[in-house]
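Here's the structure we're looking at; comments come further down.
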Amino acid sequence: MRWIHWITALLFITAALIGFYCGLQPAGTSPRRELLEVHKSLGVTVLVISILRLLVRAIVKAPPQPHTSSLFIRLASGLNHLGLYVLLLAMPVTGYLFSSAGNYRLRYFGTFELPRVFAGQEGVAHFGEVSHDLLAWVVYVAVAMHVLATIWHVVVLKDGTLDRMWPRRSGSGSAQGGS
């Protein structure tokens, strides 16, 4: 789960940064078009990994938080993690709705086309675009809160929370854990 956490984080943040950059570029220009294809492919990858991650999480429970954590910290952490899981699913889905209904290309890393289930449905395209754009700002806030909370745990509390998240090399103990 630790590796899945860090791989998901890397892919999700990369997709978010590419999306942010593309939003600053004029529509239909290069490298915006090419980067958006990478952005969409990363989104699909994040969606698949997140679904697998949730299935694994349903079987393998997260390790308990440190006993030193207050009820407020545990609740805030739980809400942030829940929000991040929702975003990991909602961002790729809304992006797909926008692209599929808006008749935009849906090539997965240049290999094959994803089906356009909602092709030509303007209402779906509008919903997908508006939702995806609004949720992007929620992503920036949620990720920033997650990173700031991690820094707080490391610098202020010094409670080993980040140590629980680093992937362990084989033979160094349990690989279970993570969020």
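A note on labels: chains of the structure tokens are A, B, ... as shown, every chain counts residues from 1, and ligands are counted from 1 in their shown order.
Within segment 42-139 of chain A, residues classed as strand (DSSP E) by DSSP on backbone coordinates are Arg107, Tyr108, Phe112 and Glu113 of chain A.
For segment 120-130 of chain A, the non-local neighbours within 6 Å, defined as residues at least 4 positions apart in the same chain or in other chains and counting only C-alpha atoms, are Thr94, Leu97, Phe98, Ala101 and Gly102 of chain A.
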Hey, what's within 10 Å of Gly23 of chain A if we count only C-alpha atoms and toss same-chain stuff fewer than 4 positions away? As JSON, numbers by chain, please?
-> {"A": [17, 18, 19, 27, 32, 36, 133]}
If we count only C-alpha atoms, what is near Arg116 of chain A at a cut-off of 8 Å, once residues fewer than 4 positions away on the same chain are taken out, given as an NGL selection string?
-> :A and (99-101 or 103 or 106)
If DSSP is run on the backbone, what residues of chain A are alpha helix (DSSP H)? A reply as a PDB file with C-alpha atoms, in the first residue's frame would be ideal.
```pdb
ATOM      1  CA  ARG A   2       2.912   2.345   0.621  1.00  0.00           C
ATOM      2  CA  TRP A   3       4.139   2.011  -2.956  1.00  0.00           C
ATOM      3  CA  ILE A   4       0.603   2.462  -4.269  1.00  0.00           C
ATOM      4  CA  HIS A   5       0.291   5.642  -2.181  1.00  0.00           C
ATOM      5  CA  TRP A   6       3.460   7.209  -3.589  1.00  0.00           C
ATOM      6  CA  ILE A   7       2.840   6.096  -7.184  1.00  0.00           C
ATOM      7  CA  THR A   8      -0.709   7.452  -7.018  1.00  0.00           C
ATOM      8  CA  ALA A   9       0.531  10.717  -5.495  1.00  0.00           C
ATOM      9  CA  LEU A  10       3.200  11.137  -8.181  1.00  0.00           C
ATOM     10  CA  LEU A  11       0.772  10.418 -11.052  1.00  0.00           C
ATOM     11  CA  PHE A  12      -2.016  12.557  -9.565  1.00  0.00           C
ATOM     12  CA  ILE A  13       0.210  15.563  -8.874  1.00  0.00           C
ATOM     13  CA  THR A  14       1.840  15.271 -12.313  1.00  0.00           C
ATOM     14  CA  ALA A  15      -1.599  15.198 -13.963  1.00  0.00           C
ATOM     15  CA  ALA A  16      -2.702  18.199 -11.882  1.00  0.00           C
ATOM     16  CA  LEU A  17       0.380  20.221 -12.791  1.00  0.00           C
ATOM     17  CA  ILE A  18       0.029  19.384 -16.484  1.00  0.00           C
ATOM     18  CA  GLY A  19      -3.662  20.311 -16.334  1.00  0.00           C
ATOM     19  CA  PHE A  20      -2.867  23.610 -14.612  1.00  0.00           C
ATOM     20  CA  TYR A  21      -0.207  24.441 -17.223  1.00  0.00           C
ATOM     21  CA  CYS A  22      -2.516  23.521 -20.104  1.00  0.00           C
ATOM     22  CA  GLY A  23      -5.216  25.748 -18.653  1.00  0.00           C
ATOM     23  CA  ARG A  32      -1.130  22.023 -25.081  1.00  0.00           C
ATOM     24  CA  ARG A  33      -2.770  19.366 -27.276  1.00  0.00           C
ATOM     25  CA  GLU A  34      -0.002  16.835 -26.700  1.00  0.00           C
ATOM     26  CA  LEU A  35       0.197  17.532 -22.967  1.00  0.00           C
ATOM     27  CA  LEU A  36      -3.555  17.155 -22.589  1.00  0.00           C
ATOM     28  CA  GLU A  37      -3.264  13.652 -24.039  1.00  0.00           C
ATOM     29  CA  VAL A  38      -0.650  12.838 -21.386  1.00  0.00           C
ATOM     30  CA  HIS A  39      -2.880  14.493 -18.750  1.00  0.00           C
ATOM     31  CA  LYS A  40      -5.863  12.339 -19.773  1.00  0.00           C
ATOM     32  CA  SER A  41      -3.776   9.170 -19.873  1.00  0.00           C
ATOM     33  CA  LEU A  42      -2.441   9.877 -16.391  1.00  0.00           C
ATOM     34  CA  GLY A  43      -6.027  10.465 -15.251  1.00  0.00           C
ATOM     35  CA  VAL A  44      -7.160   7.086 -16.569  1.00  0.00           C
ATOM     36  CA  THR A  45      -4.162   5.444 -14.883  1.00  0.00           C
ATOM     37  CA  VAL A  46      -4.970   7.178 -11.587  1.00  0.00           C
ATOM     38  CA  LEU A  47      -8.586   6.024 -11.851  1.00  0.00           C
ATOM     39  CA  VAL A  48      -7.618   2.373 -12.396  1.00  0.00           C
ATOM     40  CA  ILE A  49      -5.008   2.433  -9.606  1.00  0.00           C
ATOM     41  CA  SER A  50      -7.448   4.166  -7.255  1.00  0.00           C
ATOM     42  CA  ILE A  51     -10.146   1.572  -7.852  1.00  0.00           C
ATOM     43  CA  LEU A  52      -7.613  -1.205  -7.192  1.00  0.00           C
ATOM     44  CA  ARG A  53      -6.375   0.696  -4.147  1.00  0.00           C
ATOM     45  CA  LEU A  54      -9.882   0.959  -2.709  1.00  0.00           C
ATOM     46  CA  LEU A  55     -10.469  -2.750  -3.292  1.00  0.00           C
ATOM     47  CA  VAL A  56      -7.235  -3.596  -1.481  1.00  0.00           C
ATOM     48  CA  ARG A  57      -8.065  -1.106   1.300  1.00  0.00           C
ATOM     49  CA  ALA A  58     -11.419  -2.858   1.783  1.00  0.00           C
ATOM     50  CA  ILE A  59      -9.482  -6.049   2.564  1.00  0.00           C
ATOM     51  CA  LEU A  71      -9.695  13.057  18.246  1.00  0.00           C
ATOM     52  CA  PHE A  72      -9.631  16.281  16.196  1.00  0.00           C
ATOM     53  CA  ILE A  73      -6.463  15.200  14.356  1.00  0.00           C
ATOM     54  CA  ARG A  74      -7.890  11.748  13.651  1.00  0.00           C
ATOM     55  CA  LEU A  75     -11.148  13.250  12.335  1.00  0.00           C
ATOM     56  CA  ALA A  76      -9.355  15.865  10.213  1.00  0.00           C
ATOM     57  CA  SER A  77      -7.033  13.199   8.825  1.00  0.00           C
ATOM     58  CA  GLY A  78      -9.937  10.896   8.041  1.00  0.00           C
ATOM     59  CA  LEU A  79     -11.872  13.657   6.279  1.00  0.00           C
ATOM     60  CA  ASN A  80      -8.835  14.709   4.243  1.00  0.00           C
ATOM     61  CA  HIS A  81      -8.126  11.122   3.197  1.00  0.00           C
ATOM     62  CA  LEU A  82     -11.783  10.557   2.300  1.00  0.00           C
ATOM     63  CA  GLY A  83     -11.755  13.778   0.266  1.00  0.00           C
ATOM     64  CA  LEU A  84      -8.597  12.717  -1.543  1.00  0.00           C
ATOM     65  CA  TYR A  85     -10.103   9.321  -2.391  1.00  0.00           C
ATOM     66  CA  VAL A  86     -13.219  11.044  -3.768  1.00  0.00           C
ATOM     67  CA  LEU A  87     -11.032  13.373  -5.834  1.00  0.00           C
ATOM     68  CA  LEU A  88      -8.919  10.466  -7.127  1.00  0.00           C
ATOM     69  CA  LEU A  89     -12.124   9.050  -8.598  1.00  0.00           C
ATOM     70  CA  ALA A  90     -14.054  12.221  -9.459  1.00  0.00           C
ATOM     71  CA  MET A  91     -11.313  14.033 -11.376  1.00  0.00           C
ATOM     72  CA  PRO A  92     -10.750  11.293 -13.982  1.00  0.00           C
ATOM     73  CA  VAL A  93     -14.503  10.650 -14.300  1.00  0.00           C
ATOM     74  CA  THR A  94     -15.374  14.323 -14.856  1.00  0.00           C
ATOM     75  CA  GLY A  95     -12.442  14.683 -17.249  1.00  0.00           C
ATOM     76  CA  TYR A  96     -13.686  11.662 -19.177  1.00  0.00           C
ATOM     77  CA  LEU A  97     -17.223  13.085 -19.306  1.00  0.00           C
ATOM     78  CA  PHE A  98     -15.870  16.370 -20.681  1.00  0.00           C
ATOM     79  CA  SER A  99     -13.645  14.716 -23.290  1.00  0.00           C
ATOM     80  CA  SER A 100     -16.078  11.990 -24.292  1.00  0.00           C
ATOM     81  CA  ALA A 101     -19.099  14.244 -24.681  1.00  0.00           C
ATOM     82  CA  GLU A 122     -23.478  18.932 -24.851  1.00  0.00           C
ATOM     83  CA  GLY A 123     -25.064  18.868 -21.383  1.00  0.00           C
ATOM     84  CA  VAL A 124     -22.716  16.082 -20.276  1.00  0.00           C
ATOM     85  CA  ALA A 125     -19.735  17.911 -21.780  1.00  0.00           C
ATOM     86  CA  HIS A 126     -20.666  21.118 -19.941  1.00  0.00           C
ATOM     87  CA  PHE A 127     -21.191  19.270 -16.646  1.00  0.00           C
ATOM     88  CA  GLY A 128     -17.867  17.455 -17.057  1.00  0.00           C
ATOM     89  CA  GLU A 129     -15.972  20.638 -17.892  1.00  0.00           C
ATOM     90  CA  VAL A 130     -17.423  22.755 -15.075  1.00  0.00           C
ATOM     91  CA  SER A 131     -17.078  19.952 -12.513  1.00  0.00           C
ATOM     92  CA  HIS A 132     -13.521  19.138 -13.562  1.00  0.00           C
ATOM     93  CA  ASP A 133     -12.474  22.797 -13.421  1.00  0.00           C
ATOM     94  CA  LEU A 134     -14.059  23.385  -9.993  1.00  0.00           C
ATOM     95  CA  LEU A 135     -12.703  20.153  -8.539  1.00  0.00           C
ATOM     96  CA  ALA A 136      -9.215  21.101  -9.724  1.00  0.00           C
ATOM     97  CA  TRP A 137      -9.206  23.926  -7.173  1.00  0.00           C
ATOM     98  CA  VAL A 138     -10.414  21.516  -4.498  1.00  0.00           C
ATOM     99  CA  VAL A 139      -7.501  19.225  -5.443  1.00  0.00           C
ATOM    100  CA  TYR A 140      -4.986  22.030  -4.932  1.00  0.00           C
ATOM    101  CA  VAL A 141      -6.403  22.787  -1.477  1.00  0.00           C
ATOM    102  CA  ALA A 142      -6.717  19.130  -0.398  1.00  0.00           C
ATOM    103  CA  VAL A 143      -3.203  18.213  -1.546  1.00  0.00           C
ATOM    104  CA  ALA A 144      -1.752  21.333   0.108  1.00  0.00           C
ATOM    105  CA  MET A 145      -3.529  20.438   3.370  1.00  0.00           C
ATOM    106  CA  HIS A 146      -2.231  16.868   3.140  1.00  0.00           C
ATOM    107  CA  VAL A 147       1.356  18.034   2.567  1.00  0.00           C
ATOM    108  CA  LEU A 148       1.155  20.700   5.298  1.00  0.00           C
ATOM    109  CA  ALA A 149      -0.262  18.158   7.756  1.00  0.00           C
ATOM    110  CA  THR A 150       2.608  15.807   6.923  1.00  0.00           C
ATOM    111  CA  ILE A 151       5.139  18.580   7.532  1.00  0.00           C
ATOM    112  CA  TRP A 152       3.394  19.392  10.824  1.00  0.00           C
ATOM    113  CA  THR A 161       3.698   9.470  10.839  1.00  0.00           C
ATOM    114  CA  LEU A 162       5.816   9.964   7.714  1.00  0.00           C
ATOM    115  CA  ASP A 163       8.005   6.996   8.655  1.00  0.00           C
ATOM    116  CA  ARG A 164       4.866   4.847   8.483  1.00  0.00           C
ATOM    117  CA  MET A 165       4.366   5.997   4.891  1.00  0.00           C
TER     118      MET A 165
END
```
From atom CA of Arg107 of chain A to atom CA of Gly28 of chain A the spacing works out at 16.2 Å
Which residue, A:Val154, A:Met1, A:Pro63, A:Arg105, has the smallest gap to Pro167 of chain A when you use only C-alpha atoms?
-> A:Met1
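Taking atom CA of Val60 of chain A as the reference point, atom CA of Leu157 of chain A is found at 26.9 Å.
Taking atom CA of Pro64 of chain A as the reference point, atom CA of Lys158 of chain A is found at 16.6 Å.
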